[in-house]
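Participant: my_file.pdb is reproduced in full below (PDB, C-alpha atoms and all ligand atoms).
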```
ATOM      1  CA  MET A 251      -8.673 -28.299  -1.843  1.00  0.00           C
ATOM      2  CA  ALA A 252      -5.815 -25.852  -1.834  1.00  0.00           C
ATOM      3  CA  ARG A 253      -5.681 -22.312  -3.116  1.00  0.00           C
ATOM      4  CA  LEU A 254      -2.529 -21.681  -5.148  1.00  0.00           C
ATOM      5  CA  PHE A 255      -0.586 -18.442  -5.603  1.00  0.00           C
ATOM      6  CA  VAL A 256       2.064 -17.514  -8.159  1.00  0.00           C
ATOM      7  CA  SER A 257       3.654 -14.288  -9.329  1.00  0.00           C
ATOM      8  CA  ASP A 258       6.507 -13.032 -11.484  1.00  0.00           C
ATOM      9  CA  VAL A 259       6.253 -15.838 -14.020  1.00  0.00           C
ATOM     10  CA  HIS A 260       7.547 -13.260 -16.557  1.00  0.00           C
ATOM     11  CA  LEU A 261       6.455 -15.218 -19.615  1.00  0.00           C
ATOM     12  CA  ASN A 262       7.499 -14.167 -23.096  1.00  0.00           C
ATOM     13  CA  ASP A 263       8.533 -15.771 -26.367  1.00  0.00           C
ATOM     14  CA  ALA A 264      12.212 -15.723 -25.327  1.00  0.00           C
ATOM     15  CA  ALA A 265      11.560 -18.187 -22.465  1.00  0.00           C
ATOM     16  CA  PRO A 266       9.901 -21.277 -23.974  1.00  0.00           C
ATOM     17  CA  ALA A 267      10.925 -23.516 -21.042  1.00  0.00           C
ATOM     18  CA  ALA A 268       9.082 -21.254 -18.593  1.00  0.00           C
ATOM     19  CA  ILE A 269       5.967 -21.279 -20.805  1.00  0.00           C
ATOM     20  CA  GLU A 270       6.022 -25.093 -20.915  1.00  0.00           C
ATOM     21  CA  GLN A 271       6.491 -25.253 -17.165  1.00  0.00           C
ATOM     22  CA  PHE A 272       3.683 -22.810 -16.458  1.00  0.00           C
ATOM     23  CA  LEU A 273       1.272 -24.666 -18.782  1.00  0.00           C
ATOM     24  CA  GLY A 274       2.302 -27.901 -17.030  1.00  0.00           C
ATOM     25  CA  PHE A 275       1.684 -26.265 -13.653  1.00  0.00           C
ATOM     26  CA  LEU A 276      -1.815 -25.216 -14.757  1.00  0.00           C
ATOM     27  CA  ALA A 277      -2.664 -28.765 -15.904  1.00  0.00           C
ATOM     28  CA  ALA A 278      -0.972 -30.723 -13.095  1.00  0.00           C
ATOM     29  CA  HIS A 279      -1.505 -28.477 -10.052  1.00  0.00           C
ATOM     30  CA  ALA A 280      -3.935 -25.618 -10.655  1.00  0.00           C
ATOM     31  CA  ALA A 281      -6.551 -27.816 -12.369  1.00  0.00           C
ATOM     32  CA  GLY A 282      -7.159 -29.609  -9.055  1.00  0.00           C
ATOM     33  CA  ALA A 283      -7.090 -26.466  -6.907  1.00  0.00           C
ATOM     34  CA  ALA A 284      -9.900 -24.479  -5.314  1.00  0.00           C
ATOM     35  CA  ALA A 285      -8.596 -21.302  -6.988  1.00  0.00           C
ATOM     36  CA  LEU A 286      -5.491 -19.833  -8.606  1.00  0.00           C
ATOM     37  CA  TYR A 287      -4.241 -16.353  -7.703  1.00  0.00           C
ATOM     38  CA  ILE A 288      -1.694 -14.694 -10.019  1.00  0.00           C
ATOM     39  CA  LEU A 289      -0.185 -11.772  -8.121  1.00  0.00           C
ATOM     40  CA  GLY A 290       1.252  -9.809 -11.047  1.00  0.00           C
ATOM     41  CA  ASP A 291       3.881 -10.054 -13.769  1.00  0.00           C
ATOM     42  CA  LEU A 292       2.475 -13.209 -15.320  1.00  0.00           C
ATOM     43  CA  PHE A 293       3.846 -11.742 -18.554  1.00  0.00           C
ATOM     44  CA  GLU A 294       7.201 -10.064 -19.113  1.00  0.00           C
ATOM     45  CA  SER A 295       5.288  -7.389 -20.979  1.00  0.00           C
ATOM     46  CA  TRP A 296       1.713  -6.750 -22.105  1.00  0.00           C
ATOM     47  CA  VAL A 297       1.137  -3.963 -24.615  1.00  0.00           C
ATOM     48  CA  GLY A 298      -2.669  -4.266 -24.668  1.00  0.00           C
ATOM     49  CA  ASP A 299      -5.301  -6.974 -24.961  1.00  0.00           C
ATOM     50  CA  ASP A 300      -4.502  -7.281 -28.689  1.00  0.00           C
ATOM     51  CA  GLU A 301      -1.086  -8.653 -27.571  1.00  0.00           C
ATOM     52  CA  ARG A 302      -0.119 -11.163 -30.259  1.00  0.00           C
ATOM     53  CA  SER A 303       2.970 -12.965 -28.913  1.00  0.00           C
ATOM     54  CA  ARG A 304       3.026 -16.744 -29.045  1.00  0.00           C
ATOM     55  CA  ALA A 305       3.445 -16.706 -25.249  1.00  0.00           C
ATOM     56  CA  ALA A 306       0.250 -14.698 -24.842  1.00  0.00           C
ATOM     57  CA  GLN A 307      -1.724 -17.010 -27.117  1.00  0.00           C
ATOM     58  CA  ARG A 308      -0.573 -20.223 -25.450  1.00  0.00           C
ATOM     59  CA  VAL A 309      -0.880 -18.965 -21.888  1.00  0.00           C
ATOM     60  CA  CYS A 310      -4.314 -17.430 -22.492  1.00  0.00           C
ATOM     61  CA  ALA A 311      -5.489 -20.772 -23.932  1.00  0.00           C
ATOM     62  CA  GLY A 312      -4.117 -22.567 -20.861  1.00  0.00           C
ATOM     63  CA  LEU A 313      -5.899 -20.176 -18.512  1.00  0.00           C
ATOM     64  CA  ARG A 314      -9.118 -20.523 -20.519  1.00  0.00           C
ATOM     65  CA  ALA A 315      -8.938 -24.333 -20.128  1.00  0.00           C
ATOM     66  CA  LEU A 316      -8.385 -23.898 -16.378  1.00  0.00           C
ATOM     67  CA  THR A 317     -11.362 -21.585 -15.814  1.00  0.00           C
ATOM     68  CA  ALA A 318     -13.572 -23.639 -18.186  1.00  0.00           C
ATOM     69  CA  GLY A 319     -12.790 -26.609 -15.925  1.00  0.00           C
ATOM     70  CA  GLY A 320     -14.340 -24.706 -13.027  1.00  0.00           C
ATOM     71  CA  VAL A 321     -11.235 -23.313 -11.283  1.00  0.00           C
ATOM     72  CA  PRO A 322     -11.590 -19.585 -10.535  1.00  0.00           C
ATOM     73  CA  CYS A 323      -8.484 -17.621 -11.498  1.00  0.00           C
ATOM     74  CA  PHE A 324      -7.801 -14.166 -10.042  1.00  0.00           C
ATOM     75  CA  VAL A 325      -5.166 -11.840 -11.486  1.00  0.00           C
ATOM     76  CA  LEU A 326      -3.462  -8.729 -10.100  1.00  0.00           C
ATOM     77  CA  HIS A 327      -1.539  -6.315 -12.281  1.00  0.00           C
ATOM     78  CA  GLY A 328       2.244  -6.345 -12.027  1.00  0.00           C
ATOM     79  CA  ASN A 329       4.619  -3.605 -13.094  1.00  0.00           C
ATOM     80  CA  ARG A 330       5.153  -5.418 -16.432  1.00  0.00           C
ATOM     81  CA  ASP A 331       1.596  -6.404 -17.305  1.00  0.00           C
ATOM     82  CA  PHE A 332      -0.436  -3.546 -15.800  1.00  0.00           C
ATOM     83  CA  LEU A 333      -2.317  -3.178 -19.119  1.00  0.00           C
ATOM     84  CA  LEU A 334      -4.083  -6.534 -18.758  1.00  0.00           C
ATOM     85  CA  GLY A 335      -7.707  -5.535 -19.252  1.00  0.00           C
ATOM     86  CA  ALA A 336     -11.243  -6.631 -20.041  1.00  0.00           C
ATOM     87  CA  GLY A 337     -10.113  -8.280 -23.305  1.00  0.00           C
ATOM     88  CA  PHE A 338      -7.677 -10.491 -21.383  1.00  0.00           C
ATOM     89  CA  CYS A 339     -10.472 -11.469 -18.987  1.00  0.00           C
ATOM     90  CA  ALA A 340     -12.777 -12.305 -21.915  1.00  0.00           C
ATOM     91  CA  ARG A 341     -10.019 -14.420 -23.511  1.00  0.00           C
ATOM     92  CA  THR A 342      -9.184 -16.360 -20.367  1.00  0.00           C
ATOM     93  CA  GLY A 343     -12.138 -16.306 -17.983  1.00  0.00           C
ATOM     94  CA  CYS A 344      -9.800 -14.794 -15.355  1.00  0.00           C
ATOM     95  CA  ARG A 345     -10.963 -12.015 -13.037  1.00  0.00           C
ATOM     96  CA  LEU A 346      -8.816  -8.934 -12.408  1.00  0.00           C
ATOM     97  CA  LEU A 347      -8.556  -7.757  -8.801  1.00  0.00           C
ATOM     98  CA  GLY A 348      -7.429  -4.346  -7.557  1.00  0.00           C
ATOM     99  CA  ASP A 349      -4.022  -3.932  -5.934  1.00  0.00           C
ATOM    100  CA  PRO A 350      -3.907  -4.173  -2.968  1.00  0.00           C
ATOM    101  CA  VAL A 351      -6.907  -6.358  -2.207  1.00  0.00           C
ATOM    102  CA  VAL A 352      -8.014  -8.195   0.921  1.00  0.00           C
ATOM    103  CA  ALA A 353      -9.172 -11.767   0.260  1.00  0.00           C
ATOM    104  CA  GLU A 354     -10.886 -14.047   2.738  1.00  0.00           C
ATOM    105  CA  LEU A 355      -8.884 -17.288   2.778  1.00  0.00           C
ATOM    106  CA  ASP A 356     -10.012 -20.128   5.058  1.00  0.00           C
ATOM    107  CA  GLY A 357     -11.834 -17.583   7.217  1.00  0.00           C
ATOM    108  CA  GLU A 358      -8.846 -15.225   7.495  1.00  0.00           C
ATOM    109  CA  ARG A 359      -8.538 -11.782   5.885  1.00  0.00           C
ATOM    110  CA  VAL A 360      -5.271 -11.777   3.892  1.00  0.00           C
ATOM    111  CA  LEU A 361      -3.744  -8.862   1.970  1.00  0.00           C
ATOM    112  CA  LEU A 362      -2.726  -9.635  -1.612  1.00  0.00           C
ATOM    113  CA  THR A 363      -0.532  -7.237  -3.587  1.00  0.00           C
ATOM    114  CA  HIS A 364       2.026  -7.364  -6.378  1.00  0.00           C
ATOM    115  CA  GLY A 365       4.520  -5.684  -4.045  1.00  0.00           C
ATOM    116  CA  ASP A 366       6.046  -2.929  -6.187  1.00  0.00           C
ATOM    117  CA  ALA A 367       4.131  -0.244  -4.267  1.00  0.00           C
ATOM    118  CA  LEU A 368       5.983  -1.387  -1.102  1.00  0.00           C
ATOM    119  CA  CYS A 369       9.396  -0.643  -2.647  1.00  0.00           C
ATOM    120  CA  THR A 370       9.258   3.037  -1.695  1.00  0.00           C
ATOM    121  CA  ASP A 371      13.063   3.444  -1.455  1.00  0.00           C
ATOM    122  CA  ASP A 372      13.285   3.186  -5.249  1.00  0.00           C
ATOM    123  CA  HIS A 373      12.193   6.751  -5.968  1.00  0.00           C
ATOM    124  CA  SER A 374      12.783   6.738  -9.721  1.00  0.00           C
ATOM    125  CA  TYR A 375      10.732   3.558 -10.082  1.00  0.00           C
ATOM    126  CA  GLN A 376       7.872   5.025  -8.004  1.00  0.00           C
ATOM    127  CA  GLU A 377       7.835   8.121 -10.239  1.00  0.00           C
ATOM    128  CA  LEU A 378       7.616   5.932 -13.332  1.00  0.00           C
ATOM    129  CA  ARG A 379       4.875   3.868 -11.660  1.00  0.00           C
ATOM    130  CA  SER A 380       2.685   6.906 -10.991  1.00  0.00           C
ATOM    131  CA  VAL A 381       3.029   7.962 -14.664  1.00  0.00           C
ATOM    132  CA  VAL A 382       2.152   4.616 -16.262  1.00  0.00           C
ATOM    133  CA  ARG A 383      -0.678   3.846 -13.826  1.00  0.00           C
ATOM    134  CA  ASP A 384      -2.413   7.109 -14.778  1.00  0.00           C
ATOM    135  CA  PRO A 385      -5.622   6.308 -16.742  1.00  0.00           C
ATOM    136  CA  GLY A 386      -4.961   9.204 -19.181  1.00  0.00           C
ATOM    137  CA  TRP A 387      -1.444   7.909 -19.966  1.00  0.00           C
ATOM    138  CA  GLN A 388      -2.840   4.386 -20.466  1.00  0.00           C
ATOM    139  CA  ARG A 389      -5.583   5.636 -22.831  1.00  0.00           C
ATOM    140  CA  ARG A 390      -3.022   7.489 -24.945  1.00  0.00           C
ATOM    141  CA  PHE A 391      -0.655   4.496 -24.993  1.00  0.00           C
ATOM    142  CA  LEU A 392      -3.401   2.026 -25.954  1.00  0.00           C
ATOM    143  CA  ALA A 393      -4.494   4.338 -28.800  1.00  0.00           C
ATOM    144  CA  LEU A 394      -1.081   3.842 -30.486  1.00  0.00           C
ATOM    145  CA  PRO A 395      -0.712   1.185 -33.212  1.00  0.00           C
ATOM    146  CA  LEU A 396       0.260  -2.250 -31.877  1.00  0.00           C
ATOM    147  CA  SER A 397       3.692  -2.154 -33.565  1.00  0.00           C
ATOM    148  CA  SER A 398       4.521   1.197 -31.865  1.00  0.00           C
ATOM    149  CA  ARG A 399       3.450  -0.161 -28.489  1.00  0.00           C
ATOM    150  CA  GLU A 400       5.654  -3.248 -28.995  1.00  0.00           C
ATOM    151  CA  LEU A 401       8.614  -1.016 -29.804  1.00  0.00           C
ATOM    152  CA  LEU A 402       8.037   1.205 -26.753  1.00  0.00           C
ATOM    153  CA  ALA A 403       7.663  -1.860 -24.504  1.00  0.00           C
ATOM    154  CA  GLU A 404      11.012  -3.180 -25.757  1.00  0.00           C
ATOM    155  CA  GLU A 405      12.655   0.161 -24.940  1.00  0.00           C
ATOM    156  CA  ALA A 406      11.022   0.171 -21.494  1.00  0.00           C
ATOM    157  CA  ARG A 407      12.391  -3.334 -20.786  1.00  0.00           C
ATOM    158  CA  ALA A 408      15.891  -2.224 -21.764  1.00  0.00           C
ATOM    159  CA  GLY A 409      15.522   0.827 -19.492  1.00  0.00           C
ATOM    160  CA  SER A 410      14.334  -1.390 -16.641  1.00  0.00           C
ATOM    161  CA  ARG A 411      17.325  -3.733 -17.066  1.00  0.00           C
ATOM    162  CA  ALA A 412      19.707  -0.766 -16.965  1.00  0.00           C
ATOM    163  CA  HIS A 413      17.985   0.637 -13.850  1.00  0.00           C
ATOM    164  CA  THR A 414      18.100  -2.750 -12.087  1.00  0.00           C
ATOM    165  CA  ALA A 415      21.786  -3.159 -12.966  1.00  0.00           C
ATOM    166  CA  ARG A 416      22.820   0.179 -11.445  1.00  0.00           C
ATOM    167  CA  THR A 417      20.538   0.217  -8.370  1.00  0.00           C
ATOM    168  CA  VAL A 418      21.707  -1.072  -4.960  1.00  0.00           C
ATOM    169  CA  PRO A 419      19.806  -4.360  -4.366  1.00  0.00           C
ATOM    170  CA  ASP A 420      18.352  -3.245  -1.008  1.00  0.00           C
ATOM    171  CA  ILE A 421      16.763  -0.192  -2.683  1.00  0.00           C
ATOM    172  CA  MET A 422      14.703  -2.641  -4.755  1.00  0.00           C
ATOM    173  CA  ASP A 423      13.430  -4.565  -1.713  1.00  0.00           C
ATOM    174  CA  VAL A 424      10.355  -3.581   0.266  1.00  0.00           C
ATOM    175  CA  ASN A 425      10.586  -0.685   2.727  1.00  0.00           C
ATOM    176  CA  PRO A 426       9.845  -1.896   6.312  1.00  0.00           C
ATOM    177  CA  ALA A 427       7.746   1.199   7.136  1.00  0.00           C
ATOM    178  CA  ALA A 428       5.684   0.746   3.949  1.00  0.00           C
ATOM    179  CA  VAL A 429       5.109  -2.905   4.913  1.00  0.00           C
ATOM    180  CA  ALA A 430       4.001  -1.942   8.447  1.00  0.00           C
ATOM    181  CA  ALA A 431       1.681   0.758   7.061  1.00  0.00           C
ATOM    182  CA  ALA A 432       0.102  -1.737   4.643  1.00  0.00           C
ATOM    183  CA  PHE A 433      -0.562  -4.224   7.481  1.00  0.00           C
ATOM    184  CA  SER A 434      -2.091  -1.471   9.662  1.00  0.00           C
ATOM    185  CA  ALA A 435      -4.234   0.061   6.900  1.00  0.00           C
ATOM    186  CA  ALA A 436      -5.715  -3.287   5.887  1.00  0.00           C
ATOM    187  CA  ARG A 437      -5.991  -4.571   9.494  1.00  0.00           C
ATOM    188  CA  VAL A 438      -4.643  -8.009   8.487  1.00  0.00           C
ATOM    189  CA  ARG A 439      -2.070 -10.365  10.027  1.00  0.00           C
ATOM    190  CA  ARG A 440      -0.840 -11.868   6.787  1.00  0.00           C
ATOM    191  CA  MET A 441       0.141 -10.523   3.382  1.00  0.00           C
ATOM    192  CA  ILE A 442       1.242 -12.289   0.219  1.00  0.00           C
ATOM    193  CA  HIS A 443       3.199 -10.505  -2.502  1.00  0.00           C
ATOM    194  CA  GLY A 444       5.782 -11.001  -5.220  1.00  0.00           C
ATOM    195  CA  HIS A 445       7.805  -8.542  -7.301  1.00  0.00           C
ATOM    196  CA  THR A 446      11.084  -8.610  -5.333  1.00  0.00           C
ATOM    197  CA  HIS A 447      11.860 -12.209  -6.393  1.00  0.00           C
ATOM    198  CA  ARG A 448      13.040 -12.846  -2.805  1.00  0.00           C
ATOM    199  CA  GLU A 449      10.983 -15.945  -2.030  1.00  0.00           C
ATOM    200  CA  ALA A 450      10.631 -16.242   1.763  1.00  0.00           C
ATOM    201  CA  VAL A 451       8.318 -16.276   4.769  1.00  0.00           C
ATOM    202  CA  HIS A 452       8.961 -13.363   7.147  1.00  0.00           C
ATOM    203  CA  ASP A 453       7.499 -13.430  10.664  1.00  0.00           C
ATOM    204  CA  LEU A 454       7.504  -9.934  12.160  1.00  0.00           C
ATOM    205  CA  GLN A 455       5.743  -7.664  14.623  1.00  0.00           C
ATOM    206  CA  VAL A 456       3.471  -4.777  13.640  1.00  0.00           C
ATOM    207  CA  ASP A 457       1.657  -2.663  16.256  1.00  0.00           C
ATOM    208  CA  GLY A 458       2.831  -5.184  18.881  1.00  0.00           C
ATOM    209  CA  ALA A 459       1.187  -8.168  17.168  1.00  0.00           C
ATOM    210  CA  PRO A 460       2.746 -11.011  15.152  1.00  0.00           C
ATOM    211  CA  VAL A 461       2.206 -10.778  11.389  1.00  0.00           C
ATOM    212  CA  GLN A 462       3.484 -12.770   8.454  1.00  0.00           C
ATOM    213  CA  ARG A 463       4.733 -11.553   5.049  1.00  0.00           C
ATOM    214  CA  ILE A 464       4.975 -14.282   2.438  1.00  0.00           C
ATOM    215  CA  VAL A 465       7.048 -13.454  -0.660  1.00  0.00           C
ATOM    216  CA  LEU A 466       6.498 -15.478  -3.824  1.00  0.00           C
ATOM    217  CA  GLY A 467       9.419 -16.442  -6.051  1.00  0.00           C
ATOM    218  CA  ALA A 468      10.080 -15.597  -9.697  1.00  0.00           C
ATOM    219  CA  TRP A 469      10.082 -18.215 -12.423  1.00  0.00           C
ATOM    220  CA  TYR A 470      13.299 -17.249 -14.225  1.00  0.00           C
ATOM    221  CA  GLU A 471      15.335 -20.319 -13.208  1.00  0.00           C
ATOM    222  CA  ARG A 472      12.618 -22.627 -11.870  1.00  0.00           C
ATOM    223  CA  GLY A 473       8.939 -22.537 -11.063  1.00  0.00           C
ATOM    224  CA  SER A 474       7.473 -21.966  -7.609  1.00  0.00           C
ATOM    225  CA  TYR A 475       4.115 -21.459  -5.980  1.00  0.00           C
ATOM    226  CA  LEU A 476       2.434 -21.016  -2.618  1.00  0.00           C
ATOM    227  CA  SER A 477      -0.219 -23.434  -1.460  1.00  0.00           C
ATOM    228  CA  CYS A 478      -2.827 -22.508   1.157  1.00  0.00           C
ATOM    229  CA  GLU A 479      -4.953 -25.291   2.585  1.00  0.00           C
ATOM    230  CA  GLY A 480      -6.847 -25.277   5.866  1.00  0.00           C
ATOM    231  CA  GLY A 481      -5.048 -22.087   6.930  1.00  0.00           C
ATOM    232  CA  LYS A 482      -1.628 -23.687   6.346  1.00  0.00           C
ATOM    233  CA  TYR A 483       0.739 -21.961   3.902  1.00  0.00           C
ATOM    234  CA  GLN A 484       3.603 -23.688   2.079  1.00  0.00           C
ATOM    235  CA  LEU A 485       6.035 -22.387  -0.533  1.00  0.00           C
ATOM    236  CA  ARG A 486       6.895 -25.074  -3.067  1.00  0.00           C
ATOM    237  CA  GLY A 487       9.496 -25.233  -5.807  1.00  0.00           C
ATOM    238  CA  LEU A 488       9.068 -26.808  -9.227  1.00  0.00           C
ATOM    239  CA  PRO A 489      12.385 -28.012 -10.629  1.00  0.00           C
ATOM    240  CA  ARG A 490      12.924 -27.362 -14.333  1.00  0.00           C
TER     241      ARG A 490
HETATM  242 MN    MN A 501       7.176  -6.995 -10.596  1.00  0.00          MN
END
```
Hey, can you dump this file as structure tokens for me?

Facilitator:
Amino acid sequence: MARLFVSDVHLNDAAPAAIEQFLGFLAAHAAGAAALYILGDLFESWVGDDERSRAAQRVCAGLRALTAGGVPCFVLHGNRDFLLGAGFCARTGCRLLGDPVVAELDGERVLLTHGDALCTDDHSYQELRSVVRDPGWQRRFLALPLSSRELLAEEARAGSRAHTARTVPDIMDVNPAAVAAAFSAARVRRMIHGHTHREAVHDLQVDGAPVQRIVLGAWYERGSYLSCEGGKYQLRGLPR
């Protein structure tokens, strides 16, 4: 049985076709898998585990059905849904993993990460990241009323769109030195990440040895996932 990986599904109420496709993917593909790994940004935003969007309700029910059927589902935080917490896990039966994390897949140690921490050329984003990942900031944010958090999240999304629109595309890709450092620190030969939406398999050399960086695609225009079976990795598209 294969292990499946997705990231950057970016689900919200404004994208009903993506929600349908993701729920279909859970039922048709993930339900028969050995495990599902969601490497961040499953949701376009997540203001706390009391999140009440229709997208959240439907997707959490779909994940609950998956895990109740015996398929383990592991979730990493993305830069949009870094407030997924214990309540989300209780709702869905998913397990949150740290970022980065080394998983043992078919006997091989593989580094899993959302990928935003590798984009070190985007200084203003990295500053924002260190603020919102601070436990004190998160406690204060989560103490706000739900309606205030929803408003702030909407403003943050608008700010993110403006930043993305005025930033040189290469600045928002991974930094090669950060990638090499991540391979060396984890002592792995393969990493899987998302975030950049640049779906690809990169074969490169780190410390004189061949390594592979697999980048998962985003689900804005179509679905996609990575399948790992018997040590063989394949990126697959899902037409919409
Ligand atoms: Mn991301």

Participant: Translate the PyMOL selection byres (((chain A and resi 340) around 12) and not hetatm), as applied to the file shown, into an explicit residue set as an MDAnalysis selection string.

Facilitator: chainID A and resid 299:300 310:311 313:314 317:318 334:339 341:346

Participant: Store the residues of this selection in a file with C-alpha atoms, as a PDB file, in the coordinates of the input.

Facilitator:
```pdb
ATOM      1  CA  ASP A 299      -5.301  -6.974 -24.961  1.00  0.00           C
ATOM      2  CA  ASP A 300      -4.502  -7.281 -28.689  1.00  0.00           C
ATOM      3  CA  CYS A 310      -4.314 -17.430 -22.492  1.00  0.00           C
ATOM      4  CA  ALA A 311      -5.489 -20.772 -23.932  1.00  0.00           C
ATOM      5  CA  LEU A 313      -5.899 -20.176 -18.512  1.00  0.00           C
ATOM      6  CA  ARG A 314      -9.118 -20.523 -20.519  1.00  0.00           C
ATOM      7  CA  THR A 317     -11.362 -21.585 -15.814  1.00  0.00           C
ATOM      8  CA  ALA A 318     -13.572 -23.639 -18.186  1.00  0.00           C
ATOM      9  CA  LEU A 334      -4.083  -6.534 -18.758  1.00  0.00           C
ATOM     10  CA  GLY A 335      -7.707  -5.535 -19.252  1.00  0.00           C
ATOM     11  CA  ALA A 336     -11.243  -6.631 -20.041  1.00  0.00           C
ATOM     12  CA  GLY A 337     -10.113  -8.280 -23.305  1.00  0.00           C
ATOM     13  CA  PHE A 338      -7.677 -10.491 -21.383  1.00  0.00           C
ATOM     14  CA  CYS A 339     -10.472 -11.469 -18.987  1.00  0.00           C
ATOM     15  CA  ARG A 341     -10.019 -14.420 -23.511  1.00  0.00           C
ATOM     16  CA  THR A 342      -9.184 -16.360 -20.367  1.00  0.00           C
ATOM     17  CA  GLY A 343     -12.138 -16.306 -17.983  1.00  0.00           C
ATOM     18  CA  CYS A 344      -9.800 -14.794 -15.355  1.00  0.00           C
ATOM     19  CA  ARG A 345     -10.963 -12.015 -13.037  1.00  0.00           C
ATOM     20  CA  LEU A 346      -8.816  -8.934 -12.408  1.00  0.00           C
TER      21      LEU A 346
END
```

Participant: Could you spell out the hits of the PyMOL selection byres (((chain A and resi 321) around 10) and not hetatm) on the shown file, as a list in words?

Facilitator: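 This file, filtered by the PyMOL selection byres (((chain A and resi 321) around 10) and not hetatm), leaves Arg253, Ala280, Ala281, Gly282, Ala283, Ala284, Ala285, Leu286, Leu313, Arg314, Ala315, Leu316, Thr317, Ala318, Gly319, Gly320, Pro322, Cys323, Phe324, Gly343 and Cys344 of chain A.
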
Participant: All residues within 8 Å of ligand MN 501 (chain A) are required, counting all atoms listed in the file; please report them as a PyMOL selection string.

Facilitator: chain A and resi 258+290-291+328-330+364-366+444-446

Participant: Just checking: using all atoms listed in the file, which residue out of A:Leu273, A:His452, A:Phe332, A:Pro350 ends up closest to Ser380 of chain A?

Facilitator: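 Nearest candidate to Ser380 of chain A out of A:Leu273, A:His452, A:Phe332, A:Pro350: A:Phe332.
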
Participant: Could you pull out every residue with an atom within 8 Å of (0.3, -11.5, -16.7), file coordinates, counting only C-alpha atoms, and send them as a list in words?

Facilitator: Val259, His260, Leu261, Ile288, Gly290, Asp291, Leu292, Phe293, Glu294, Ser295, Trp296, Val325, His327, Gly328, Arg330, Asp331 and Leu334 of chain A

Participant: Write out as a list of chain:residue names the residues lying within 12 Å of Val451 of chain A, counting only C-alpha atoms and excluding same-chain residues fewer than 2 positions away.

Facilitator: A:Arg440, A:Met441, A:Ile442, A:His443, A:Gly444, A:Arg448, A:Glu449, A:Asp453, A:Leu454, A:Val461, A:Gln462, A:Arg463, A:Ile464, A:Val465, A:Leu466, A:Gly467, A:Leu476, A:Tyr483, A:Gln484, A:Leu485, A:Arg486

Participant: Show which residues sit within 9 Å of Glu471 of chain A, as a PyMOL selection string. Count all atoms listed in the file, and ignore same-chain residues fewer than 2 positions away.

Facilitator: chain A and resi 268+468-469+473+489-490

Participant: What do you get, as a ChimeraX atom specification, if you spell out every residue that the PyMOL selection byres (((chain A and resi 423) around 9) and not hetatm) selects here?

Facilitator: /A:366,368-372,419-422,424-425,445-446,448

Participant: In Å, with one decimal, what is the gap from atom CA of Gly458 of chain A to atom CA of Asp356 of chain A?

Facilitator: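 Value for the atom CA of Gly458 of chain A-atom CA of Asp356 of chain A distance: 24.1 Å.
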
Participant: Go ahead and compute the interatomic distance for atom CA of Ile269 of chain A and atom CA of Gly312 of chain A, in Å to one decimal.

Facilitator: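 These two atoms are separated by 10.2 Å.
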
Participant: Would you work out the distance separating atom CA of Tyr287 of chain A from atom CA of Glu358 of chain A, expressed in Å to one decimal?

Facilitator: 15.9 Å

Participant: Hey, which of A:Val438, A:Val429, A:Val297, A:Leu289 ends up closest to Leu401 of chain A? Count all atoms listed in the file.

Facilitator: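 Of all the options, A:Val297 lies closest to Leu401 of chain A.
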
Participant: Would you pick out the contacts of Arg399 of chain A at 12 Å or less, using all atoms listed in the file, so that residues sharing its chain but fewer than 3 positions from it are not included, and give the list as a PyMOL selection string?

Facilitator: chain A and resi 295-302+333+388+390-396+402-406

Participant: Which protein, DNA or RNA residues have an atom at most 7 Å from (-4.1, -7.2, -4.4), counting all atoms listed in the file? List them as a ChimeraX atom specification.

Facilitator: /A:326,347-352,361-364

Participant: For Ala430 of chain A, which residue out of A:Ala408, A:Ala264, A:Ala450, A:Val456 is the nearest one, using only C-alpha atoms?

Facilitator: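 Of all the options, A:Val456 lies closest to Ala430 of chain A.
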